[in-house]
Structures are given as structure tokens and as C-alpha cells.
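This report concerns only the one structure given below.
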Amino acid sequence: MLNKVEAYFAKVIRERAGFLLVLALFLLMPRFSWRFFLLFLMITLVLLPRDIHDGRIKIMMSLPFSRANVFWCSYAFLVTFAVITQLIGGALFGISIDMMGWNIIGTLIFSSAYFGVAMISVTLGFGNFVIPFLVLIADSFLGSIGKNWEFTYNFLGSPSGFNPYSMISPIYQGNQIAAFIFAATLLMTAYVLFERKGTSR
Amino acid sequence: MIVKVENLQKSFCGKLVLNGVSFNVEEGEIFALIGPNGAGKTTTLRCIYGDLSPNGGRIEVFGKDFSTKIKERIAVMNEERRTFRRFTGSDYVKMWSLLYPKWNDKIFSNFALHYRFDLKQRVETYSIGMKTVFYVALTVASNADILILDEPTQHLDPLIRNEILKVISDYAVEEKKTIIISSHEIYELEEISTSFAIIKEGKVLYFDTVDDAKASHRLISRGERVQGEVIGLVGNDTLVKTDKDVGRFPKFKEIVLGYLGGRKEFIPF
């Protein structure tokens, strides 16, 4: 299995070295506000969703990879890349371990959710970028409405302006546990769908 | 039996592409899957190596239901010769040697020297013929128990084509490996294949060993009395399946043409 992971990682790095280098430079900045958007670009334009869209998944499948192998290797690459750049950036810029920990958890939630969204979209034949991008816009809009904490009450004592979606939003993550469960559900749905349906062409 | 395909069905967006494909491949055989473009050859192969999930039917490889664990024992050359972006020849060698436990560097080096592969050059920039030879080299050097070769001689010049056919044949005979070839080049398949299946419109019309197929068919000239099951027309003659000693024994290509052409005659004038 380690050979497969090594082969997959080597393939991604070799094919997209330039793009990954630029991404890494930006992701090293700990408080870089476009971090999630860059991760989104990586998911949709570098990893498995792009390979499926381009038909290059056929090359992987003609090698000793199963669908589960390529799915989880691609996800593992994403997680490794996101976490390592965050750790290095945190160390370089002197970010506290607590802060770094929360940032990493947030990044993992976002990455898992949007890897799931992109995979669901491309597996169902809707492409690797446009639909996930619309989901990203909808997510950023819906999550921004109202308030994302539960302790705001109006004068009648009922929650005021509380937006439950912001709790699970992969961008806003009002409640990290709820957002994690939502992201994991998207990721597992994508996996099951890809495993059963495979590529449509 | 090393590969057993039973009643395989596959559809894309509701369109049936494979409709009950069945055949067996024995160990050490060179099995040819023959048919016109769009017959379902590549789809059948993709189902065998697990790229596509069939909608119905069963595939057994090495006597067990297909599982991804056995993919290390299968090396594939796909029809489109797609390559990874920016991968040089050396990158490919490294990747294949990681993925195939029985990878043989010496065999690959022999190919590289003979065909002068530039291993520092990106494979995507190789000519289509060179890509084909490169893929043949990778699959043979993988030392896999089953080679699946989709149109392995496409885009090759006659000399290299001849060499590659010999390599494929020797690999099966000397190394006792099984090879499944998809092609519509029936003339060259006759030289190397030991068994075959004729596939058309997603159905296997006939499968057998080459020797048994020749023994169980006859070609009857016009005017001769037809005895046996009429299969199709081959030029002015009729291909029949019979055990009677009539007409003459057909050649391999005549059997294929008889099955593929059927009883329809094309008369443009």
C-alpha cells in the first residue's frame, strides 16, 4: 500500500509541481484570508476530480490501483499538503500551538467537505469546477446570514437571527463538531458514490 | 482457467454496450478479442481489469471473483496511449517498478536500448508509435501474469510490428504468461493467437481455440451442396460450421470475416 501512496504522490507532484509550489508559498502564510479558496483550487484543479474530468483516471485504473486507492491517496495528498504547509507556516511566523491546532482542524474540515463536493459533482457527470464553485459561493453566502452563535436571544427569549447553517458551513464552521460531521458525511457520500459508480465514460 | 467472463453486461447512460459477453481464457494462451470498432472490445477489457464496474454478469480472474488485490498481476496497455503529464520515461519506470512487485529492470533496459527510448524526454511528446512500443516494454517488463494489450500494434511500422508480435508471442510461450489482445488486425492475430472470441455489437458471436475453429468449419464454394450450419458469406464462398468433410478448411481470417459479415452480401453495383 505504501508503494501505491508513494507512486500517487509522485504522480501529483510531477504533474503539477509549479502550481503546487505557488499554492504552498501562499498557504505558508498563517493568516492568509484566501487560504480556503486556494485549497478549493487545489481540490478542483489538481487532484482526483480533475483527473476524472480529463479522463486521466483511466491511466490510474489501468495500473494496480483500485478506486478506493485513488480516492484515499488523493485525499491523503490534500490533507498532507494542507497540514504540512500550515505547520511550516505556523513555525516560521511564530503561531501558538493552540492557534495552529484550531487552524489545522478548520482546514481539514473545509478540505474534506469540498473534496467530497467536487467528487460528488464529477462522479455524477457535472464537472470538477463549476458546480463546486457555485456550492462555494452559496456556502459563503448562506453561512454569512445571521449569527453563528447560539446564545443570542431576542426580548421574547427565543434565538434571534441565529443561522443554523453557519454551524455546519465548511467555510464558517460555527460549531466545529457539527461542521466536522457534515464534512465527513460529504466525504463518505462521495467515496461511496465513486466506489459504486466509478467513472461515467 | 485464468480468466472467465460470464454473461457480462455494461451500459453507458442507458445504452447497452455489452450484452451478455462470455468467454474463457486458459493459462499461457494468447487470446484475441476480435471485432469491428465499437463492438465492445475495449469496454470488455476495462471490465476485466476493474476500470469499469459491469452492470451484470461475472468476471473470475485466477479462479476467484475479480478483486483489486490481483491487479498487481495484471499489466495493461490502454488503447488511447494516454500518458501522465510531464512524466519522462524514467518517471514511468520508477512508477511501474513501485507498483509491480516482479518488475524486471533488465528486460526494460533491453527494450530501451533496442528502440532507443530517450528516458529523459516526456513520454507525452513521443510519437504515437514510440508510445506504443514504450507501453509494450513497460507491460512486458512488469512480469505480470496477465498482459492486457489493447490494439498493441496500432501505429507501428511493419518491421517493428513484426518484432512486437514476436515479443508478445515469446512472452506467452517462454515465460508461460497469459496475454489478452484486443484488435481488429485479423491478419496479424492469426500469426500469434491461440484462442479468440469474435465480438460484435456487444455480443460474442463465437469463441474457441484457433485450431478447433479451423477444424470445425468449412468453406463451401458456390454451387456446392451446403451441409451444416451456415455462418456467413466470405467473398463468393459460404462459411459453414460442420463436422462433415465438405469444401475446404477455412483460414483464420475467413472464419472471422464469416462471423462478422454474416449472411448479408454487399453489392454496390
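Just remember, in the C-alpha cells the first chain shown is A, the second B, etc., residues are 1-based per chain, and ligands are 1-based in the order shown.
The interface of chain A with chain B at 8 Å, considering only C-alpha atoms, consists of Asn3, Lys4, Ala7, Lys11, Arg14, Glu15, Arg56, Lys58, Ile59, Met61, Ser62, Leu63, Pro64, Phe65, Ser66, Arg196, Lys197, Gly198, Thr199, Ser200 and Arg201 of chain A.
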Could you pull out the alpha helix (DSSP H) residues of region 153-228 of chain B, going by DSSP on the backbone, and write them as a VMD selection string?
chain B and resid 158 to 175 186 to 192 210 to 215
Mind checking which residues fall within 10 Å of region 162-170 of chain B, counting only C-alpha atoms, ignoring those fewer than 4 positions away in the same chain, and posting them as a list in words?
Glu29, Ile30, Thr132, Val133, Val136, Ala137, Val140, Leu147, Leu149, Pro152, Thr153, Leu156, Asp157, Pro158, Glu174, Glu175, Lys176, Lys177, Thr178, Ile179, Ile181, Glu188, Leu189, Glu191, Ile192, Ser193 and Thr194 of chain B
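Considering only C-alpha atoms, the residue among B:Leu16, B:Leu119, B:Val5, B:Val173 positioned nearest to Gly28 (chain B) is B:Val173.
Shortest separation to Ser142 (chain B) among B:Ile160, B:Val93, B:Val123, B:Ala172 occurs at residue B:Val93, atoms counted being only C-alpha atoms.
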Selected residue, from A:Ile120, A:Phe110, A:Gly127, A:Ser74, that lies nearest to Ser140 (chain A) when counting only C-alpha atoms
A:Phe110
List as number ranges by chain the protein and nucleic acid residues near region 180-194 of chain A, meaning an atom at most 8 Å away when only C-alpha atoms are counted, but skip any in the same chain fewer than 6 places from it.
A: 67-68, 71, 109-110, 112-117, 119-120, 123, 168, 170
Writer output for current selection, N, CA and C atoms, as a JSON list (two decimals), in the first residue's frame:
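And here is the file that came out, result-v1.json:
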[["chain", "number", "residue", "atom", "x", "y", "z"],
["A", 67, "ARG", "N", -10.34, 1.84, -7.06],
["A", 67, "ARG", "CA", -10.99, 3.15, -6.90],
["A", 67, "ARG", "C", -10.76, 3.69, -5.49],
["A", 68, "ALA", "N", -10.84, 2.77, -4.52],
["A", 68, "ALA", "CA", -10.61, 3.19, -3.13],
["A", 68, "ALA", "C", -9.19, 3.75, -2.99],
["A", 71, "PHE", "N", -8.99, 7.27, -4.56],
["A", 71, "PHE", "CA", -9.78, 8.23, -3.78],
["A", 71, "PHE", "C", -9.01, 8.64, -2.52],
["A", 109, "ILE", "N", -11.52, 20.32, 8.00],
["A", 109, "ILE", "CA", -12.98, 20.30, 7.78],
["A", 109, "ILE", "C", -13.31, 20.85, 6.39],
["A", 110, "PHE", "N", -12.73, 21.98, 6.05],
["A", 110, "PHE", "CA", -13.01, 22.58, 4.75],
["A", 110, "PHE", "C", -12.56, 21.63, 3.62],
["A", 112, "SER", "N", -12.04, 18.40, 3.60],
["A", 112, "SER", "CA", -12.84, 17.17, 3.49],
["A", 112, "SER", "C", -14.17, 17.46, 2.82],
["A", 113, "ALA", "N", -14.81, 18.55, 3.25],
["A", 113, "ALA", "CA", -16.13, 18.87, 2.71],
["A", 113, "ALA", "C", -16.04, 19.16, 1.21],
["A", 114, "TYR", "N", -15.08, 19.98, 0.80],
["A", 114, "TYR", "CA", -15.02, 20.36, -0.62],
["A", 114, "TYR", "C", -14.40, 19.27, -1.50],
["A", 115, "PHE", "N", -13.58, 18.43, -0.94],
["A", 115, "PHE", "CA", -13.13, 17.26, -1.71],
["A", 115, "PHE", "C", -14.36, 16.39, -1.99],
["A", 116, "GLY", "N", -15.20, 16.24, -0.97],
["A", 116, "GLY", "CA", -16.45, 15.48, -1.13],
["A", 116, "GLY", "C", -17.36, 16.11, -2.17],
["A", 117, "VAL", "N", -17.55, 17.44, -2.09],
["A", 117, "VAL", "CA", -18.43, 18.14, -3.04],
["A", 117, "VAL", "C", -17.91, 17.97, -4.47],
["A", 119, "MET", "N", -15.93, 15.70, -5.69],
["A", 119, "MET", "CA", -16.00, 14.31, -6.14],
["A", 119, "MET", "C", -17.44, 13.91, -6.48],
["A", 120, "ILE", "N", -18.38, 14.37, -5.66],
["A", 120, "ILE", "CA", -19.79, 14.06, -5.96],
["A", 120, "ILE", "C", -20.16, 14.68, -7.31],
["A", 123, "THR", "N", -18.34, 12.83, -10.21],
["A", 123, "THR", "CA", -18.81, 11.45, -10.37],
["A", 123, "THR", "C", -20.21, 11.42, -11.00],
["A", 168, "ILE", "N", -22.79, 24.37, 10.49],
["A", 168, "ILE", "CA", -22.19, 23.25, 9.74],
["A", 168, "ILE", "C", -21.44, 23.73, 8.49],
["A", 170, "PRO", "N", -18.90, 24.57, 5.89],
["A", 170, "PRO", "CA", -17.46, 24.25, 5.84],
["A", 170, "PRO", "C", -16.59, 25.50, 5.85]]
Atom pair CA of Asp105 (chain B) + CA of Gly89 (chain B), distance 13.1 Å
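Per DSSP on the backbone, strand (DSSP E or B) in region 58-190 of chain A comprises Lys147, Tyr153, Pro159 and Phe162 of chain A.
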Which residues, written as a VMD selection string, have at least one atom at most 9 Å from Phe36 (chain A), with only C-alpha atoms counted and residues fewer than 2 positions away on the same chain left out?
chain A and resid 33 to 34 38 to 41 107 110 to 111 171
A:Gly94, A:Gly125, A:Gly18, A:Pro30 ranked by distance to Asp54 (chain A), top pick (using only C-alpha atoms)
A:Gly125
I need the residue nearest Ser183 (chain B) from this list: B:Gln154, B:Ser195, B:Ser221, B:Asn7. Use only C-alpha atoms for the distance.
B:Gln154
